[in-house]
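Text of final.tsv (TSV, C-alpha atoms and all ligand atoms) as supplied:
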chain	number	residue	atom	x	y	z
V	1	MET	CA	32.71	-16.68	-30.11
V	2	ILE	CA	34.91	-14.31	-28.08
V	3	LEU	CA	36.80	-13.43	-31.26
V	4	LEU	CA	33.51	-12.70	-33.05
V	5	LEU	CA	32.36	-10.46	-30.18
V	6	SER	CA	35.66	-8.56	-30.24
V	7	LEU	CA	35.26	-7.97	-33.95
V	8	VAL	CA	31.72	-6.63	-33.51
V	9	VAL	CA	32.74	-4.30	-30.64
V	10	GLY	CA	35.81	-3.12	-32.54
V	11	PHE	CA	33.78	-2.44	-35.67
V	12	SER	CA	31.16	-0.52	-33.66
V	13	VAL	CA	33.81	1.76	-32.13
V	14	ILE	CA	35.30	2.51	-35.54
V	15	VAL	CA	31.93	3.24	-37.10
V	16	PHE	CA	30.40	5.31	-34.28
V	17	PHE	CA	33.36	7.18	-32.79
V	18	PRO	CA	33.66	9.74	-35.63
V	19	SER	CA	29.99	10.64	-35.33
V	20	PHE	CA	30.46	11.51	-31.63
V	21	SER	CA	33.34	13.87	-32.49
V	22	ASP	CA	31.40	15.62	-35.25
V	23	ALA	CA	28.39	16.13	-33.01
V	24	GLU	CA	30.31	18.37	-30.63
V	25	SER	CA	30.35	21.33	-33.01
V	26	GLU	CA	26.84	20.95	-34.39
V	27	PRO	CA	23.40	21.58	-32.90
V	28	LYS	CA	22.30	18.60	-30.86
V	29	THR	CA	18.78	17.36	-30.62
V	30	PHE	CA	17.76	16.07	-27.23
V	31	VAL	CA	14.67	15.34	-25.21
V	32	THR	CA	14.03	17.47	-22.08
V	33	HIS	CA	12.93	15.89	-18.85
V	34	SER	CA	9.28	16.68	-19.74
V	35	GLY	CA	9.57	15.02	-23.14
V	36	ALA	CA	9.94	18.07	-25.39
V	37	VAL	CA	12.34	17.63	-28.31
V	38	VAL	CA	14.70	20.62	-28.51
V	39	GLN	CA	17.96	21.64	-30.14
V	40	THR	CA	20.93	23.39	-28.65
V	41	SER	CA	24.27	24.22	-30.20
V	42	GLY	CA	26.31	24.88	-27.09
V	43	GLU	CA	26.94	23.96	-23.52
V	44	ILE	CA	24.34	26.40	-22.29
V	45	ILE	CA	20.68	26.35	-23.12
V	46	ASP	CA	20.42	28.70	-26.06
V	47	PRO	CA	17.56	30.43	-27.93
V	48	LEU	CA	16.86	27.32	-29.99
V	49	TYR	CA	15.35	25.91	-26.80
V	50	THR	CA	11.89	27.45	-27.02
V	51	VAL	CA	9.49	25.15	-25.24
V	52	SER	CA	7.79	28.03	-23.46
V	53	THR	CA	9.13	31.32	-22.20
V	54	VAL	CA	8.68	33.21	-18.96
V	55	GLU	CA	8.04	36.95	-18.91
V	56	PHE	CA	9.18	38.63	-15.73
V	57	ASP	CA	9.06	42.31	-14.77
V	58	PRO	CA	11.35	43.05	-11.79
V	59	MET	CA	9.70	46.47	-11.33
V	60	GLU	CA	6.30	44.87	-10.92
V	61	PHE	CA	7.68	42.12	-8.65
V	62	LEU	CA	9.39	44.73	-6.42
V	63	ARG	CA	6.17	46.04	-4.83
V	64	ASP	CA	3.82	43.12	-5.52
V	65	PHE	CA	2.43	41.45	-2.39
V	66	ASN	CA	0.06	38.50	-2.54
V	67	TYR	CA	-2.33	38.50	0.42
V	68	GLY	CA	-4.32	35.51	-0.83
V	69	LYS	CA	-8.09	35.04	-0.84
V	70	VAL	CA	-9.20	36.36	2.52
V	71	SER	CA	-12.10	35.06	4.61
V	72	GLN	CA	-12.89	34.67	8.28
V	73	LEU	CA	-13.42	31.49	10.28
V	74	THR	CA	-16.24	31.32	12.85
V	75	ASP	CA	-13.78	31.95	15.69
V	76	GLY	CA	-12.67	35.18	14.01
V	77	THR	CA	-9.36	33.84	12.65
V	78	VAL	CA	-8.42	35.29	9.27
V	79	LEU	CA	-8.00	32.58	6.64
V	80	ARG	CA	-5.74	33.31	3.67
V	81	GLU	CA	-5.92	30.87	0.78
V	82	PHE	CA	-3.30	30.64	-1.95
V	83	THR	CA	-2.80	28.40	-4.96
V	84	ILE	CA	0.81	27.85	-5.95
V	85	ILE	CA	1.68	25.95	-9.13
V	86	ALA	CA	5.18	24.58	-9.74
V	87	GLU	CA	6.61	24.03	-13.23
V	88	ASP	CA	10.09	23.02	-14.32
V	89	ASP	CA	10.33	23.24	-18.08
V	90	LYS	CA	10.23	26.93	-18.97
V	91	ILE	CA	12.95	29.25	-20.13
V	92	MET	CA	13.56	32.86	-19.36
V	93	GLU	CA	15.74	35.42	-21.13
V	94	VAL	CA	17.65	36.55	-18.05
V	95	SER	CA	19.93	38.91	-19.95
V	96	PRO	CA	19.86	39.83	-23.65
V	97	GLY	CA	20.53	36.58	-25.49
V	98	VAL	CA	21.04	34.53	-22.33
V	99	PHE	CA	18.34	31.93	-21.86
V	100	TYR	CA	17.99	29.89	-18.72
V	101	ASN	CA	15.79	26.91	-17.82
V	102	VAL	CA	13.80	28.24	-14.86
V	103	TRP	CA	11.76	26.17	-12.43
V	104	THR	CA	8.94	28.36	-11.19
V	105	PHE	CA	6.29	28.87	-8.53
V	106	ASN	CA	3.32	30.54	-10.28
V	107	GLY	CA	5.40	31.19	-13.38
V	108	THR	CA	8.11	33.48	-12.05
V	109	VAL	CA	11.51	33.51	-10.31
V	110	PRO	CA	11.18	34.40	-7.50
V	111	GLY	CA	7.69	33.05	-6.87
V	112	PRO	CA	4.97	35.35	-5.50
V	113	THR	CA	5.61	37.22	-2.25
V	114	ILE	CA	3.16	35.61	0.17
V	115	ARG	CA	2.03	37.96	2.90
V	116	ALA	CA	-0.05	37.50	6.04
V	117	THR	CA	-0.45	38.84	9.56
V	118	GLU	CA	0.82	36.92	12.57
V	119	GLY	CA	-1.83	34.42	13.71
V	120	ASP	CA	-3.65	34.21	10.35
V	121	LEU	CA	-4.34	30.71	9.09
V	122	LEU	CA	-2.60	30.00	5.78
V	123	ARG	CA	-4.01	27.39	3.41
V	124	ILE	CA	-1.78	26.88	0.42
V	125	THR	CA	-2.94	24.50	-2.28
V	126	PHE	CA	0.24	23.38	-3.97
V	127	ILE	CA	-0.05	21.85	-7.44
V	128	ASN	CA	3.02	20.33	-9.05
V	129	ASN	CA	2.71	20.58	-12.82
V	130	GLY	CA	6.42	19.88	-13.25
V	131	SER	CA	7.93	16.58	-14.29
V	132	LYS	CA	10.00	16.11	-11.11
V	133	GLU	CA	8.87	15.94	-7.50
V	134	HIS	CA	8.69	19.31	-5.73
V	135	THR	CA	7.50	20.74	-2.41
V	136	MET	CA	7.09	24.04	-0.61
V	137	HIS	CA	9.22	24.35	2.49
V	138	PHE	CA	8.53	27.50	4.51
V	139	HIS	CA	10.99	28.89	7.02
V	140	GLY	CA	9.08	29.76	10.18
V	141	ILE	CA	7.08	27.88	12.79
V	142	HIS	CA	4.68	25.06	11.79
V	143	PRO	CA	3.91	21.36	12.39
V	144	ALA	CA	6.39	18.78	11.04
V	145	GLU	CA	4.02	17.44	8.38
V	146	MET	CA	3.68	21.00	6.95
V	147	ASP	CA	7.45	21.36	6.52
V	148	GLY	CA	7.57	20.30	2.87
V	149	VAL	CA	10.50	17.92	3.33
V	150	PHE	CA	9.25	14.36	3.88
V	151	GLU	CA	6.10	14.71	1.75
V	152	PRO	CA	7.39	15.00	-1.84
V	153	VAL	CA	4.63	15.99	-4.25
V	154	GLY	CA	4.70	14.06	-7.51
V	155	GLY	CA	4.81	15.82	-10.86
V	156	ASN	CA	2.16	16.04	-13.58
V	157	GLY	CA	-0.55	17.36	-11.26
V	158	GLY	CA	0.36	16.08	-7.80
V	159	GLN	CA	-1.19	18.13	-4.98
V	160	PHE	CA	-0.62	18.92	-1.33
V	161	VAL	CA	-2.34	21.41	0.96
V	162	TYR	CA	-0.07	23.21	3.42
V	163	GLU	CA	-1.99	24.64	6.35
V	164	PHE	CA	-0.43	26.44	9.30
V	165	GLU	CA	-0.58	29.58	11.37
V	166	ALA	CA	1.49	32.50	10.10
V	167	GLY	CA	4.47	33.14	12.33
V	168	PRO	CA	6.74	34.36	13.63
V	169	VAL	CA	6.67	38.03	12.59
V	170	GLY	CA	9.35	38.74	10.04
V	171	VAL	CA	10.55	37.99	6.55
V	172	HIS	CA	11.19	34.37	5.62
V	173	PRO	CA	12.06	32.45	2.49
V	174	TYR	CA	10.10	29.55	1.11
V	175	HIS	CA	11.62	27.09	-1.33
V	176	CYS	CA	11.38	23.60	-2.74
V	177	HIS	CA	13.05	21.01	-0.50
V	178	VAL	CA	13.45	18.03	-2.83
V	179	MET	CA	16.92	16.54	-3.39
V	180	PRO	CA	19.25	17.44	-4.98
V	181	LEU	CA	18.30	20.58	-3.11
V	182	GLU	CA	20.87	22.82	-4.73
V	183	GLU	CA	19.48	22.02	-8.18
V	184	HIS	CA	15.87	22.68	-7.17
V	185	ILE	CA	16.76	26.00	-5.54
V	186	VAL	CA	19.14	27.44	-8.10
V	187	HIS	CA	16.67	26.84	-10.91
V	188	GLY	CA	14.30	29.22	-9.17
V	189	LEU	CA	11.92	27.41	-6.83
V	190	TYR	CA	11.91	30.02	-4.07
V	191	GLY	CA	10.08	33.10	-2.88
V	192	VAL	CA	9.44	35.39	0.07
V	193	PHE	CA	7.00	34.96	2.95
V	194	ILE	CA	6.26	38.10	5.00
V	195	VAL	CA	4.52	37.90	8.36
V	196	ASP	CA	3.33	41.30	9.55
V	197	PRO	CA	2.94	42.10	13.23
V	198	LYS	CA	-0.67	42.50	14.44
V	199	GLU	CA	0.10	46.12	15.18
V	200	GLU	CA	1.20	47.36	11.78
V	201	ARG	CA	4.64	48.73	11.15
V	202	PRO	CA	4.68	52.48	10.27
V	203	SER	CA	3.53	53.37	6.74
V	204	ALA	CA	6.29	53.08	4.18
V	205	ASP	CA	7.09	52.59	0.52
V	206	GLU	CA	7.69	48.85	0.78
V	207	MET	CA	9.60	46.57	-1.56
V	208	VAL	CA	11.05	43.07	-1.79
V	209	MET	CA	14.56	42.25	-2.97
V	210	VAL	CA	15.55	38.64	-3.46
V	211	LEU	CA	19.29	38.44	-3.99
V	212	ASN	CA	19.95	35.61	-6.40
V	213	GLY	CA	22.54	34.10	-8.68
V	214	LEU	CA	22.25	32.34	-12.01
V	215	ASP	CA	24.44	29.39	-12.96
V	216	THR	CA	23.69	29.47	-16.68
V	217	ASP	CA	26.32	26.90	-17.67
V	218	PHE	CA	25.68	24.39	-14.88
V	219	ASP	CA	29.22	24.33	-13.50
V	220	THR	CA	28.06	25.05	-9.91
V	221	GLU	CA	29.36	28.60	-10.08
V	222	ASN	CA	27.16	31.62	-10.66
V	223	ASN	CA	27.60	33.44	-13.96
V	224	PHE	CA	25.29	36.32	-13.04
V	225	TYR	CA	24.05	37.92	-9.85
V	226	ALA	CA	21.01	40.11	-9.30
V	227	ALA	CA	18.44	41.65	-7.05
V	228	ASN	CA	15.22	40.07	-8.34
V	229	THR	CA	16.68	37.82	-11.04
V	230	ILE	CA	17.54	40.15	-13.93
V	231	PRO	CA	21.19	41.32	-13.79
V	232	PHE	CA	21.63	45.15	-13.83
V	233	TYR	CA	17.85	45.65	-14.06
V	234	TYR	CA	17.51	48.37	-11.41
V	235	GLN	CA	20.60	50.12	-12.75
V	236	HIS	CA	18.93	50.51	-16.13
V	237	HIS	CA	15.51	51.08	-14.55
V	238	PRO	CA	16.15	53.01	-11.30
V	239	ILE	CA	13.69	52.52	-8.46
V	240	GLN	CA	11.78	55.79	-8.02
V	241	ILE	CA	11.42	56.89	-4.41
V	242	ASN	CA	10.78	60.21	-2.63
V	243	THR	CA	12.77	62.31	-0.20
V	244	ASN	CA	11.66	62.23	3.43
V	245	GLU	CA	9.60	59.12	2.87
V	246	LEU	CA	10.21	55.92	4.81
V	247	ILE	CA	11.48	53.11	2.58
V	248	ARG	CA	11.23	49.52	3.84
V	249	VAL	CA	13.03	46.76	1.98
V	250	TYR	CA	12.44	43.09	2.72
V	251	VAL	CA	15.72	41.51	1.60
V	252	VAL	CA	16.36	37.75	1.30
V	253	ASN	CA	19.61	36.17	0.15
V	254	MET	CA	19.00	33.10	-2.05
V	255	VAL	CA	22.46	32.97	-3.69
V	256	GLU	CA	23.84	29.43	-3.77
V	257	PHE	CA	27.45	28.27	-4.29
V	258	ASP	CA	29.00	31.50	-2.88
V	259	PRO	CA	29.11	31.45	0.93
V	260	ILE	CA	28.23	35.12	1.40
V	261	ASN	CA	26.46	38.01	-0.23
V	262	ASN	CA	26.13	41.59	0.96
V	263	LEU	CA	24.26	44.84	0.44
V	264	HIS	CA	25.69	48.33	0.54
V	265	LEU	CA	23.59	51.49	0.27
V	266	HIS	CA	25.11	54.75	-0.97
V	267	GLY	CA	24.75	58.17	0.62
V	268	ASN	CA	22.80	56.84	3.55
V	269	LEU	CA	22.54	54.33	6.37
V	270	TYR	CA	19.64	52.07	7.22
V	271	LYS	CA	18.11	50.53	10.29
V	272	TYR	CA	18.42	46.76	10.02
V	273	TYR	CA	16.15	44.16	11.59
V	274	PRO	CA	17.70	40.66	11.12
V	275	THR	CA	14.96	38.22	10.02
V	276	GLY	CA	12.49	41.03	10.84
V	277	THR	CA	11.51	39.22	14.03
V	278	ASP	CA	12.16	42.12	16.38
V	279	LEU	CA	10.50	45.53	16.11
V	280	VAL	CA	13.64	47.23	17.40
V	281	PRO	CA	16.50	47.45	14.88
V	282	SER	CA	19.76	45.66	15.71
V	283	PHE	CA	22.02	47.82	13.54
V	284	TYR	CA	22.29	51.22	11.94
V	285	THR	CA	24.64	50.60	9.04
V	286	ASP	CA	25.22	50.92	5.30
V	287	MET	CA	26.38	47.32	4.89
V	288	ILE	CA	25.01	43.90	5.80
V	289	THR	CA	26.47	40.48	5.05
V	290	LEU	CA	24.15	37.55	4.40
V	291	SER	CA	24.71	33.82	4.08
V	292	GLN	CA	22.27	31.42	2.36
V	293	THR	CA	18.61	32.28	3.23
V	294	GLU	CA	19.68	34.96	5.68
V	295	ARG	CA	17.31	37.89	5.46
V	296	GLY	CA	16.05	40.98	7.17
V	297	ILE	CA	14.26	44.30	6.91
V	298	MET	CA	15.99	47.57	6.01
V	299	GLU	CA	14.44	50.97	6.75
V	300	PHE	CA	15.74	54.34	5.60
V	301	GLU	CA	14.81	57.78	4.29
V	302	TYR	CA	16.75	60.02	1.93
V	303	GLY	CA	16.97	63.73	2.74
V	304	PHE	CA	18.70	64.72	-0.48
V	305	PRO	CA	17.29	64.05	-3.96
V	306	GLY	CA	19.41	62.38	-6.64
V	307	LYS	CA	20.78	59.10	-7.85
V	308	TYR	CA	22.12	56.60	-5.30
V	309	LEU	CA	23.64	53.19	-5.96
V	310	PHE	CA	22.92	50.06	-3.95
V	311	HIS	CA	24.91	46.93	-4.67
V	312	ALA	CA	26.92	44.00	-3.40
V	313	HIS	CA	30.16	45.27	-1.94
V	314	LYS	CA	31.55	41.93	-3.06
V	315	VAL	CA	32.60	43.66	-6.24
V	316	GLU	CA	32.59	40.51	-8.37
V	317	PHE	CA	28.85	40.20	-7.74
V	318	SER	CA	28.08	43.83	-8.57
V	319	GLU	CA	30.12	43.63	-11.77
V	320	LYS	CA	28.11	40.56	-12.76
V	321	GLY	CA	24.75	42.24	-12.29
V	322	TRP	CA	23.93	42.77	-8.61
V	323	VAL	CA	23.72	46.55	-8.71
V	324	GLY	CA	20.85	49.03	-8.79
V	325	ILE	CA	19.93	52.68	-8.37
V	326	PHE	CA	17.47	54.52	-6.17
V	327	MET	CA	16.30	57.67	-7.94
V	328	VAL	CA	15.30	59.92	-5.09
V	329	ASN	CA	12.80	62.56	-6.16
V	330	ASP	CA	11.90	65.69	-4.23
V	331	ASN	CA	8.75	64.90	-2.31
V	332	GLU	CA	6.49	67.96	-2.23
V	333	GLU	CA	3.48	65.88	-1.25
V	334	GLN	CA	2.66	64.90	2.30
V	335	LYS	CA	3.03	61.31	3.38
V	336	GLU	CA	-0.73	60.62	3.41
V	337	SER	CA	-0.41	59.32	-0.12
V	338	VAL	CA	1.65	56.34	1.01
V	339	GLY	CA	-0.40	53.25	1.83
V	340	TYR	CA	0.76	50.48	4.11
V	341	GLY	CA	1.69	47.26	2.34
V	342	THR	CA	0.58	48.40	-1.08
G	401	CU	CU	11.82	20.94	-6.52

When written as structure tokens, how does the structure in this file appear?
Ligand SMILES: [Cu+2]
Amino acid sequence: MILLLSLVVGFSVIVFFPSFSDAESEPKTFVTHSGAVVQTSGEIIDPLYTVSTVEFDPMEFLRDFNYGKVSQLTDGTVLREFTIIAEDDKIMEVSPGVFYNVWTFNGTVPGPTIRATEGDLLRITFINNGSKEHTMHFHGIHPAEMDGVFEPVGGNGGQFVYEFEAGPVGVHPYHCHVMPLEEHIVHGLYGVFIVDPKEERPSADEMVMVLNGLDTDFDTENNFYAANTIPFYYQHHPIQINTNELIRVYVVNMVEFDPINNLHLHGNLYKYYPTGTDLVPSFYTDMITLSQTERGIMEFEYGFPGKYLFHAHKVEFSEKGWVGIFMVNDNEEQKESVGYGT
């Protein structure tokens, strides 16, 4: 009997081993975690993987703030309602010819920038249309059961309603908090949560920059870096701003794997408010260093028109995509044209 078994096993190895070797150089067919049958010819997800694609415009994301559906409770509290839908089986062309399986909140990486005023009541209906469990974990102050850690939301339509008071004032990340955490974050399940002070900050041209990295070959090292997901985007499409106009950037570092990231601005210095929690700046500098989920608010004005770089001064990151340009135009108009929190 043992002899017979050995013969069968031996025969199987001889018959099947060559087919494993051949398969390495040919397109492989496999089934994704949501059941789609796809083909890929390499170690990275390539264009043959076309389940559904994500369109993302970093220029639109830059100044896009989602204030939710606003109403007022009987006690006068402002209620802001949001619906956030998670998915985990889309791809995005992050650089010409480079396709990446993104996990998204409301279809984009980063997810929508959620914005409220301190003391508002937030009601976020979270729907998980992915195939894995996901959550929304907000940095900030809220009850334990609203923390998005111990209440995993099942896939294929699972729901959870997060409800808490917006606070403290500042800029905070939100992200999925399901294990393995690194995997859920690096695929794109994160976004920015801004809490404005009750007395508004001065009018400014406001924008959001999420510093992120893309591990497109799944070796736990980033292959690309960016401000707002697409490497080199703001270098090829400079951000148009005006002279003598206050610029306010909400910056959040979501890079994983590398312990630090940083941001250097050319031809200028900025006031920096770590986490945005204080209304008095802590630094006046041209360089900040940020670890995972560290964030803050930068404020500056340019007096001279022209082209100015901003980038990681960790040169490896800037050479792999984390670099952009402010195109400073002469501002003949008065500042009345600038709206707060546009
Ligand atoms: Cu998740």

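The gap separating atom CA of V:His134 from atom CA of V:Val149 is 9.3 Å, in Å to one decimal.
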
Residues contacting ligand CU 401 (chain G) - anything with an atom at most 6 Å away, using only C-alpha atoms and all ligand atoms - can you give me those as a JSON list (two decimals) with C-alpha atoms, in the coordinates of the input?
[["chain", "number", "residue", "atom", "x", "y", "z"],
["V", 133, "GLU", "CA", 8.87, 15.94, -7.50],
["V", 134, "HIS", "CA", 8.69, 19.31, -5.73],
["V", 135, "THR", "CA", 7.50, 20.74, -2.41],
["V", 176, "CYS", "CA", 11.38, 23.60, -2.74],
["V", 178, "VAL", "CA", 13.45, 18.03, -2.83],
["V", 184, "HIS", "CA", 15.87, 22.68, -7.17]]

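Close contacts of V:Glu118, defined as residues with an atom at most 12 Å away when counting only C-alpha atoms, with chain neighbours fewer than 2 positions off set aside, comprise Thr77, Val78, Leu79, Arg80, Arg115, Ala116, Asp120, Leu121, Leu122, Gly140, Ile141, Phe164, Glu165, Ala166, Gly167, Pro168, Val169, Gly170, Val171, Phe193, Ile194, Val195, Asp196, Pro197, Lys198, Glu199, Glu200 and Thr277 of chain V.
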
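Here the question is which of V:Asp258, V:Asp64, V:Glu245, V:Glu145 gets nearest to V:Val186 using all atoms listed in the file, and that residue is V:Asp258.
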
Requested in this report: One decimal, Å: what's the distance from atom CA of V:Val249 over to atom CA of V:Met136, could you say?
Outcome: 23.6 Å

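The interatomic distance for the pair atom CA of V:Ser95 and atom CA of V:Ile297 works out to 28.0 Å.
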
Report task. Compile the contact shell of V:Phe160 as a PyMOL selection string: residues with an atom at most 12 Å away, counting all atoms listed in the file, same-chain residues fewer than 5 positions apart removed. Result -> chain V and resi 83-86+123-128+133-137+145-148+151-155

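Non-sequential neighbours of V:Asn253 (distance at most 8 Å, separation of 3 or more positions within a chain, only C-alpha atoms) are Val210, Leu211, Asn212, Asn261, Leu290, Ser291, Gln292, Thr293, Glu294 and Arg295 of chain V.
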
Could you dump the residues just selected with C-alpha atoms as a PDB file, in the frame of the given file?
ATOM      1  CA  VAL V 210      15.550  38.640  -3.460  1.00  0.00           C
ATOM      2  CA  LEU V 211      19.290  38.440  -3.990  1.00  0.00           C
ATOM      3  CA  ASN V 212      19.950  35.610  -6.400  1.00  0.00           C
ATOM      4  CA  ASN V 261      26.460  38.010  -0.230  1.00  0.00           C
ATOM      5  CA  LEU V 290      24.150  37.550   4.400  1.00  0.00           C
ATOM      6  CA  SER V 291      24.710  33.820   4.080  1.00  0.00           C
ATOM      7  CA  GLN V 292      22.270  31.420   2.360  1.00  0.00           C
ATOM      8  CA  THR V 293      18.610  32.280   3.230  1.00  0.00           C
ATOM      9  CA  GLU V 294      19.680  34.960   5.680  1.00  0.00           C
ATOM     10  CA  ARG V 295      17.310  37.890   5.460  1.00  0.00           C
TER      11      ARG V 295
END

Report task. Enumerate, as number ranges by chain, the protein, DNA and RNA residues whose atoms approach (26.8, 39.5, -8.1) to within 7 Å, taking into account only C-alpha atoms and the coordinate frame of the file. Result -> V: 213, 224-226, 312, 316-322

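Closest approach to V:Met92 among V:Phe310, V:Tyr284, V:Phe56, V:Tyr67 is made by V:Phe56 (distances from all atoms listed in the file).
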
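Of the listed residues (V:Leu181, V:Ile247, V:Met287, V:Ile114), V:Met287 comes nearest to V:His311; the distances count all atoms listed in the file.
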
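Distances here use only C-alpha atoms; by that measure, the residue among V:Phe61, V:Tyr162, V:Phe99, V:Phe218 closest to V:Pro112 is V:Phe61.
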